[in-house]
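Raw work_33.pdb, PDB, C-alpha atoms and all ligand atoms:
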```
MODEL        1
ATOM      1  CA  MET A   1      66.026 -21.762  -7.876  1.00  0.00           C
ATOM      2  CA  ALA A   2      65.872 -25.432  -7.306  1.00  0.00           C
ATOM      3  CA  ILE A   3      64.801 -28.682  -8.878  1.00  0.00           C
ATOM      4  CA  LYS A   4      61.916 -29.933  -6.759  1.00  0.00           C
ATOM      5  CA  LYS A   5      60.592 -33.410  -6.150  1.00  0.00           C
ATOM      6  CA  ILE A   6      57.518 -34.132  -8.272  1.00  0.00           C
ATOM      7  CA  LEU A   7      54.698 -35.516  -6.144  1.00  0.00           C
ATOM      8  CA  GLN A   8      53.277 -38.848  -7.204  1.00  0.00           C
ATOM      9  CA  TYR A   9      49.657 -39.999  -7.287  1.00  0.00           C
ATOM     10  CA  PRO A  10      47.876 -40.495  -4.865  1.00  0.00           C
ATOM     11  CA  ASN A  11      49.565 -37.719  -2.885  1.00  0.00           C
ATOM     12  CA  PRO A  12      46.650 -35.646  -1.469  1.00  0.00           C
ATOM     13  CA  ALA A  13      48.244 -32.333  -2.558  1.00  0.00           C
ATOM     14  CA  LEU A  14      47.435 -33.324  -6.156  1.00  0.00           C
ATOM     15  CA  LYS A  15      43.721 -33.187  -5.332  1.00  0.00           C
ATOM     16  CA  LYS A  16      43.748 -29.690  -3.798  1.00  0.00           C
ATOM     17  CA  ILE A  17      42.051 -26.767  -5.529  1.00  0.00           C
ATOM     18  CA  THR A  18      44.413 -23.788  -5.556  1.00  0.00           C
ATOM     19  CA  LEU A  19      43.198 -20.244  -4.989  1.00  0.00           C
ATOM     20  CA  PRO A  20      44.076 -17.402  -7.373  1.00  0.00           C
ATOM     21  CA  SER A  21      47.065 -15.284  -6.401  1.00  0.00           C
ATOM     22  CA  LYS A  22      46.243 -11.635  -5.683  1.00  0.00           C
ATOM     23  CA  GLY A  23      49.112 -10.604  -7.891  1.00  0.00           C
ATOM     24  CA  VAL A  24      52.651 -11.586  -8.755  1.00  0.00           C
ATOM     25  CA  GLY A  25      54.921 -11.295  -5.738  1.00  0.00           C
ATOM     26  CA  VAL A  26      58.194 -12.790  -4.576  1.00  0.00           C
ATOM     27  CA  GLU A  27      56.563 -16.125  -3.757  1.00  0.00           C
ATOM     28  CA  GLU A  28      54.872 -16.474  -7.148  1.00  0.00           C
ATOM     29  CA  ARG A  29      58.100 -15.636  -8.982  1.00  0.00           C
ATOM     30  CA  LEU A  30      60.104 -18.121  -6.922  1.00  0.00           C
ATOM     31  CA  VAL A  31      57.597 -20.931  -7.454  1.00  0.00           C
ATOM     32  CA  ALA A  32      57.455 -20.107 -11.193  1.00  0.00           C
ATOM     33  CA  LYS A  33      61.251 -20.411 -11.428  1.00  0.00           C
ATOM     34  CA  ASP A  34      61.305 -23.710  -9.531  1.00  0.00           C
ATOM     35  CA  LEU A  35      58.499 -25.004 -11.725  1.00  0.00           C
ATOM     36  CA  VAL A  36      60.367 -24.201 -14.934  1.00  0.00           C
ATOM     37  CA  GLU A  37      63.639 -25.611 -13.654  1.00  0.00           C
ATOM     38  CA  THR A  38      61.973 -28.806 -12.428  1.00  0.00           C
ATOM     39  CA  MET A  39      60.051 -29.183 -15.717  1.00  0.00           C
ATOM     40  CA  TYR A  40      63.227 -28.884 -17.811  1.00  0.00           C
ATOM     41  CA  ALA A  41      64.950 -31.450 -15.581  1.00  0.00           C
ATOM     42  CA  SER A  42      62.104 -33.910 -16.166  1.00  0.00           C
ATOM     43  CA  PRO A  43      60.907 -35.835 -19.215  1.00  0.00           C
ATOM     44  CA  GLY A  44      57.620 -33.857 -19.288  1.00  0.00           C
ATOM     45  CA  VAL A  45      56.392 -30.870 -21.325  1.00  0.00           C
ATOM     46  CA  GLY A  46      54.410 -29.202 -18.550  1.00  0.00           C
ATOM     47  CA  LEU A  47      54.194 -28.879 -14.800  1.00  0.00           C
ATOM     48  CA  ALA A  48      51.816 -27.274 -12.306  1.00  0.00           C
ATOM     49  CA  ALA A  49      52.640 -25.872  -8.859  1.00  0.00           C
ATOM     50  CA  PRO A  50      50.666 -28.512  -6.864  1.00  0.00           C
ATOM     51  CA  GLN A  51      52.937 -31.171  -8.419  1.00  0.00           C
ATOM     52  CA  ILE A  52      55.888 -29.633  -6.551  1.00  0.00           C
ATOM     53  CA  ASN A  53      53.765 -29.221  -3.418  1.00  0.00           C
ATOM     54  CA  GLU A  54      53.108 -25.497  -3.869  1.00  0.00           C
ATOM     55  CA  LEU A  55      49.400 -24.745  -3.652  1.00  0.00           C
ATOM     56  CA  LEU A  56      49.476 -21.738  -5.965  1.00  0.00           C
ATOM     57  CA  ARG A  57      47.772 -21.187  -9.348  1.00  0.00           C
ATOM     58  CA  ILE A  58      50.936 -21.343 -11.431  1.00  0.00           C
ATOM     59  CA  MET A  59      51.782 -23.596 -14.369  1.00  0.00           C
ATOM     60  CA  ALA A  60      54.461 -24.002 -17.005  1.00  0.00           C
ATOM     61  CA  VAL A  61      54.293 -25.579 -20.461  1.00  0.00           C
ATOM     62  CA  ASP A  62      56.957 -25.969 -23.130  1.00  0.00           C
ATOM     63  CA  VAL A  63      56.090 -28.405 -25.898  1.00  0.00           C
ATOM     64  CA  THR A  64      59.141 -27.453 -27.986  1.00  0.00           C
ATOM     65  CA  PRO A  65      60.534 -31.024 -27.831  1.00  0.00           C
ATOM     66  CA  LYS A  66      57.414 -32.274 -29.670  1.00  0.00           C
ATOM     67  CA  ASN A  67      56.526 -29.099 -31.497  1.00  0.00           C
ATOM     68  CA  PRO A  68      59.637 -27.071 -32.402  1.00  0.00           C
ATOM     69  CA  GLY A  69      59.321 -23.311 -32.036  1.00  0.00           C
ATOM     70  CA  SER A  70      56.542 -23.396 -29.435  1.00  0.00           C
ATOM     71  CA  GLY A  71      58.493 -21.846 -26.579  1.00  0.00           C
ATOM     72  CA  LEU A  72      57.939 -21.558 -22.869  1.00  0.00           C
ATOM     73  CA  ILE A  73      54.625 -20.442 -21.363  1.00  0.00           C
ATOM     74  CA  VAL A  74      54.508 -19.637 -17.633  1.00  0.00           C
ATOM     75  CA  LEU A  75      51.212 -18.334 -16.283  1.00  0.00           C
ATOM     76  CA  ILE A  76      49.895 -17.279 -12.910  1.00  0.00           C
ATOM     77  CA  ASN A  77      46.086 -17.484 -12.492  1.00  0.00           C
ATOM     78  CA  PRO A  78      45.575 -18.963 -15.994  1.00  0.00           C
ATOM     79  CA  GLU A  79      42.006 -19.089 -17.265  1.00  0.00           C
ATOM     80  CA  ILE A  80      40.547 -20.566 -20.427  1.00  0.00           C
ATOM     81  CA  THR A  81      38.427 -17.732 -21.817  1.00  0.00           C
ATOM     82  CA  THR A  82      37.297 -19.267 -25.115  1.00  0.00           C
ATOM     83  CA  HIS A  83      37.477 -22.706 -26.676  1.00  0.00           C
ATOM     84  CA  SER A  84      36.422 -24.504 -29.826  1.00  0.00           C
ATOM     85  CA  GLY A  85      36.477 -27.987 -31.288  1.00  0.00           C
ATOM     86  CA  GLU A  86      37.351 -31.257 -29.613  1.00  0.00           C
ATOM     87  CA  ARG A  87      39.965 -33.908 -30.011  1.00  0.00           C
ATOM     88  CA  ILE A  88      41.038 -37.045 -28.217  1.00  0.00           C
ATOM     89  CA  PHE A  89      44.711 -37.341 -27.389  1.00  0.00           C
ATOM     90  CA  ARG A  90      46.887 -39.848 -25.511  1.00  0.00           C
ATOM     91  CA  GLU A  91      48.093 -38.097 -22.353  1.00  0.00           C
ATOM     92  CA  GLY A  92      50.569 -38.869 -19.629  1.00  0.00           C
ATOM     93  CA  CYS A  93      51.559 -37.082 -16.444  1.00  0.00           C
ATOM     94  CA  LEU A  94      54.784 -36.804 -14.436  1.00  0.00           C
ATOM     95  CA  SER A  95      52.734 -37.511 -11.300  1.00  0.00           C
ATOM     96  CA  ILE A  96      51.258 -40.731 -12.759  1.00  0.00           C
ATOM     97  CA  PRO A  97      54.214 -42.136 -14.680  1.00  0.00           C
ATOM     98  CA  GLU A  98      52.912 -45.673 -15.125  1.00  0.00           C
ATOM     99  CA  TYR A  99      49.820 -44.857 -17.179  1.00  0.00           C
ATOM    100  CA  THR A 100      48.595 -42.984 -20.222  1.00  0.00           C
ATOM    101  CA  ALA A 101      45.022 -42.431 -21.348  1.00  0.00           C
ATOM    102  CA  ASP A 102      42.979 -41.123 -24.246  1.00  0.00           C
ATOM    103  CA  ILE A 103      41.401 -37.888 -23.040  1.00  0.00           C
ATOM    104  CA  ARG A 104      38.908 -35.569 -24.731  1.00  0.00           C
ATOM    105  CA  ARG A 105      40.069 -31.923 -24.851  1.00  0.00           C
ATOM    106  CA  PHE A 106      39.291 -28.695 -26.675  1.00  0.00           C
ATOM    107  CA  GLU A 107      41.086 -28.363 -30.016  1.00  0.00           C
ATOM    108  CA  LYS A 108      41.665 -24.609 -29.721  1.00  0.00           C
ATOM    109  CA  ILE A 109      41.717 -22.411 -26.644  1.00  0.00           C
ATOM    110  CA  THR A 110      42.394 -18.863 -25.571  1.00  0.00           C
ATOM    111  CA  VAL A 111      44.088 -18.598 -22.192  1.00  0.00           C
ATOM    112  CA  SER A 112      44.587 -15.448 -20.207  1.00  0.00           C
ATOM    113  CA  GLY A 113      46.797 -15.026 -17.167  1.00  0.00           C
ATOM    114  CA  LEU A 114      49.720 -13.175 -15.635  1.00  0.00           C
ATOM    115  CA  THR A 115      53.369 -13.668 -16.534  1.00  0.00           C
ATOM    116  CA  PRO A 116      56.015 -13.862 -13.773  1.00  0.00           C
ATOM    117  CA  ASN A 117      56.641 -10.158 -14.545  1.00  0.00           C
ATOM    118  CA  GLY A 118      53.051  -9.384 -13.630  1.00  0.00           C
ATOM    119  CA  GLU A 119      51.912  -8.578 -17.172  1.00  0.00           C
ATOM    120  CA  ARG A 120      48.490  -9.762 -18.301  1.00  0.00           C
ATOM    121  CA  VAL A 121      48.710 -11.848 -21.466  1.00  0.00           C
ATOM    122  CA  THR A 122      46.254 -13.641 -23.725  1.00  0.00           C
ATOM    123  CA  ILE A 123      47.493 -16.694 -25.610  1.00  0.00           C
ATOM    124  CA  ASN A 124      45.782 -18.444 -28.495  1.00  0.00           C
ATOM    125  CA  SER A 125      46.829 -22.061 -28.683  1.00  0.00           C
ATOM    126  CA  ASP A 126      45.918 -25.222 -30.548  1.00  0.00           C
ATOM    127  CA  GLY A 127      47.153 -28.749 -31.121  1.00  0.00           C
ATOM    128  CA  PHE A 128      49.498 -30.392 -28.649  1.00  0.00           C
ATOM    129  CA  GLU A 129      50.278 -27.153 -26.810  1.00  0.00           C
ATOM    130  CA  ALA A 130      46.573 -26.479 -26.173  1.00  0.00           C
ATOM    131  CA  ILE A 131      46.216 -29.984 -24.733  1.00  0.00           C
ATOM    132  CA  ALA A 132      49.228 -29.484 -22.454  1.00  0.00           C
ATOM    133  CA  LEU A 133      47.802 -26.158 -21.234  1.00  0.00           C
ATOM    134  CA  GLN A 134      44.426 -27.753 -20.447  1.00  0.00           C
ATOM    135  CA  HIS A 135      46.154 -30.624 -18.617  1.00  0.00           C
ATOM    136  CA  GLU A 136      48.202 -28.211 -16.467  1.00  0.00           C
ATOM    137  CA  ILE A 137      45.273 -25.888 -15.719  1.00  0.00           C
ATOM    138  CA  ASP A 138      43.342 -28.986 -14.566  1.00  0.00           C
ATOM    139  CA  HIS A 139      46.106 -29.636 -12.005  1.00  0.00           C
ATOM    140  CA  LEU A 140      45.346 -26.244 -10.433  1.00  0.00           C
ATOM    141  CA  ASP A 141      41.808 -27.481  -9.760  1.00  0.00           C
ATOM    142  CA  GLY A 142      42.950 -30.822  -8.370  1.00  0.00           C
ATOM    143  CA  ILE A 143      41.934 -32.641 -11.555  1.00  0.00           C
ATOM    144  CA  LEU A 144      44.173 -35.374 -12.940  1.00  0.00           C
ATOM    145  CA  PHE A 145      43.892 -36.887 -16.424  1.00  0.00           C
ATOM    146  CA  ILE A 146      42.655 -40.122 -14.884  1.00  0.00           C
ATOM    147  CA  ASP A 147      39.654 -38.149 -13.568  1.00  0.00           C
ATOM    148  CA  ARG A 148      38.678 -37.443 -17.192  1.00  0.00           C
ATOM    149  CA  ILE A 149      38.783 -41.021 -18.468  1.00  0.00           C
ATOM    150  CA  GLU A 150      35.508 -41.809 -20.207  1.00  0.00           C
ATOM    151  CA  SER A 151      36.039 -45.562 -20.331  1.00  0.00           C
ATOM    152  CA  ILE A 152      38.456 -47.983 -18.671  1.00  0.00           C
ATOM    153  CA  ARG A 153      39.315 -49.038 -22.238  1.00  0.00           C
ATOM    154  CA  SER A 154      41.025 -45.693 -22.757  1.00  0.00           C
ATOM    155  CA  LEU A 155      43.531 -46.288 -19.923  1.00  0.00           C
ATOM    156  CA  PHE A 156      46.890 -47.828 -20.830  1.00  0.00           C
ATOM    157  CA  LYS A 157      49.755 -49.116 -18.709  1.00  0.00           C
ATOM    158  CA  ARG A 158      53.124 -47.958 -19.926  1.00  0.00           C
ATOM    159  CA  LYS A 159      55.812 -50.452 -20.785  1.00  0.00           C
ATOM    160  CA  ILE A 160      58.188 -50.864 -17.858  1.00  0.00           C
ATOM    161  CA  LYS A 161      61.183 -48.621 -18.328  1.00  0.00           C
ATOM    162  CA  ASP A 162      64.699 -49.383 -17.233  1.00  0.00           C
ATOM    163  CA  LYS A 163      64.851 -47.373 -14.025  1.00  0.00           C
ATOM    164  CA  LYS A 164      68.630 -47.754 -13.755  1.00  0.00           C
ATOM    165  CA  LYS A 165      69.019 -45.196 -16.513  1.00  0.00           C
ATOM    166  CA  LYS A 166      67.251 -42.589 -14.402  1.00  0.00           C
ATOM    167  CA  LYS A 167      68.654 -40.911 -11.348  1.00  0.00           C
TER     168      LYS A 167
HETATM  169 ZN    ZN B   1      50.093 -33.811 -15.088  1.00  0.00          ZN
ENDMDL
END
```

With the file now loaded, output its structure as structure tokens.
Amino acid sequence: MAIKKILQYPNPALKKITLPSKGVGVEERLVAKDLVETMYASPGVGLAAPQINELLRIMAVDVTPKNPGSGLIVLINPEITTHSGERIFREGCLSIPEYTADIRRFEKITVSGLTPNGERVTINSDGFEAIALQHEIDHLDGILFIDRIESIRSLFKRKIKDKKKKK
């Protein structure tokens, strides 16, 4: 296990479409572990394999810091099988740290995929967690939140943070 470097926009790996894994093997499990470890070491609530330069369909989400009790979700080959409603939410991304944007997403989704143990699971999610899942699944198709901006007016530059506090 290792904390990986998170690729920054416009690194071309962030635009790659990943192919589904045939199953859960040693490589998938290793990438899933690195993804989780890197996510917990970062200020984000989700991370996708292309962001750590692994072109596999694996993502992790844990919105517990913003939504206590949510817990960790790690999925291989995640797929949104049903969705309903819409909402607009201010999103950010560890690969585009200087900006946020108001993005339209589904309000409720059902996601199916494989766990790192190879079990097939179906997860019903809504609210902030559903948005995080949609954001991370987008990464697996080379889609960044800035690709979903409907108007330049919905893009915002973050206030400059004191970088000395970060390592
Ligand atoms: Zn992101």

Let me know the residues the PyMOL selection byres (((chain A and resi 53-58) around 12) and not hetatm) catches in the file above, as a ChimeraX atom specification.
-> /A:4-8,11-25,27-36,46-52,59-61,73-79,95,113-116,133,136-142

Which one of A:Phe156, A:Phe128, A:Tyr40, A:Phe145 sits closest to Glu98 (chain A) if you count only C-alpha atoms?
->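 The closest residue to Glu98 (chain A) is A:Phe156.
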
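Nearest-residue note for ligand ZN 1 (chain B): choosing from A:Gly118, A:Gly92, A:Gly71, A:Gly85, the minimum distance belongs to A:Gly92, counting all atoms listed in the file.
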
Mind pulling up the distance from CA of Arg158 (chain A) to CA of Ser70 (chain A)?
->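 If I compute the distance from CA of Ser70 (chain A) to CA of Arg158 (chain A), I get 26.6 Å.
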
Pick from A:Ala41, A:Val26, A:Leu72, A:Leu94: nearest to ligand ZN 1 (chain B), with all atoms listed in the file counted?
->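 Closest residue, counting all atoms listed in the file: A:Leu94.
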
Of A:Thr38, A:Asn124, A:Gln134, A:Asn117, the one sitting nearest ligand ZN 1 (chain B) when using all atoms listed in the file is A:Gln134

Excluding Asp126 (chain A) and residues on its chain fewer than 3 positions from it, collect all residues at most 12 Å away from it, counting all atoms listed in the file, and give them as an mmCIF file with C-alpha atoms, in the coordinates of the input.
```cif
data_model
loop_
_atom_site.group_PDB
_atom_site.id
_atom_site.type_symbol
_atom_site.label_atom_id
_atom_site.label_comp_id
_atom_site.auth_asym_id
_atom_site.auth_seq_id
_atom_site.Cartn_x
_atom_site.Cartn_y
_atom_site.Cartn_z
ATOM 1 C CA VAL A 63 56.090 -28.405 -25.898
ATOM 2 C CA ASN A 67 56.526 -29.099 -31.497
ATOM 3 C CA SER A 70 56.542 -23.396 -29.435
ATOM 4 C CA THR A 82 37.297 -19.267 -25.115
ATOM 5 C CA HIS A 83 37.477 -22.706 -26.676
ATOM 6 C CA SER A 84 36.422 -24.504 -29.826
ATOM 7 C CA GLY A 85 36.477 -27.987 -31.288
ATOM 8 C CA GLU A 86 37.351 -31.257 -29.613
ATOM 9 C CA ARG A 87 39.965 -33.908 -30.011
ATOM 10 C CA ARG A 105 40.069 -31.923 -24.851
ATOM 11 C CA PHE A 106 39.291 -28.695 -26.675
ATOM 12 C CA GLU A 107 41.086 -28.363 -30.016
ATOM 13 C CA LYS A 108 41.665 -24.609 -29.721
ATOM 14 C CA ILE A 109 41.717 -22.411 -26.644
ATOM 15 C CA THR A 110 42.394 -18.863 -25.571
ATOM 16 C CA VAL A 111 44.088 -18.598 -22.192
ATOM 17 C CA ILE A 123 47.493 -16.694 -25.610
ATOM 18 C CA GLU A 129 50.278 -27.153 -26.810
ATOM 19 C CA ALA A 130 46.573 -26.479 -26.173
ATOM 20 C CA ILE A 131 46.216 -29.984 -24.733
ATOM 21 C CA ALA A 132 49.228 -29.484 -22.454
ATOM 22 C CA LEU A 133 47.802 -26.158 -21.234
ATOM 23 C CA GLN A 134 44.426 -27.753 -20.447
#
```

CA of His135 (chain A) to CA of Met39 (chain A): how many Å, to one decimal?
-> 14.3 Å

Nearest candidate to Ser154 (chain A) (options A:Ile103, A:Tyr9, A:Val45, A:Ile80; using all atoms listed in the file) |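 Answer, going by the shortest atom-to-atom distance: A:Ile103.
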
Shortest interatomic distance to ligand ZN 1 (chain B) - which of A:Ile143, A:Arg104, A:Ile152, A:Cys93, counting all atoms listed in the file =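 Residue with the minimum atom-to-atom distance to ligand ZN 1 (chain B): A:Cys93.
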
Could you please determine the separation between CA of Ile146 (chain A) and CA of Pro10 (chain A) in Å, to one decimal place?
-> 11.3 Å

Compute the distance from (36.6, -42.0, -22.6) to each atom, counting all atoms listed in the file, keep the residues with any atom at most 6 Å away, and return them as a PDB file with C-alpha atoms, keeping the file's coordinate frame; use the coordinates of the file.
```pdb
ATOM      1  CA  ILE A 149      38.783 -41.021 -18.468  1.00  0.00           C
ATOM      2  CA  GLU A 150      35.508 -41.809 -20.207  1.00  0.00           C
ATOM      3  CA  SER A 151      36.039 -45.562 -20.331  1.00  0.00           C
ATOM      4  CA  SER A 154      41.025 -45.693 -22.757  1.00  0.00           C
TER       5      SER A 154
END
```

Contact residues around Arg90 (chain A) with all atoms listed in the file at 8 Å, ignoring same-chain residues under 3 positions, as a list in words | Thr100, Ala101, Asp102 and Ile103 of chain A

Using the file's own x, y and z axes, what box holds all listed atoms of region 92-109 of chain A with 6 Å on each side, keeping edges along x, y and z, and what are its centre and edge lengths in Å to one decimal, as AutoDock Vina command-line options?
```
--center_x 46.8 --center_y -34.0 --center_z -20.7 --size_x 27.9 --size_y 35.3 --size_z 30.7
```
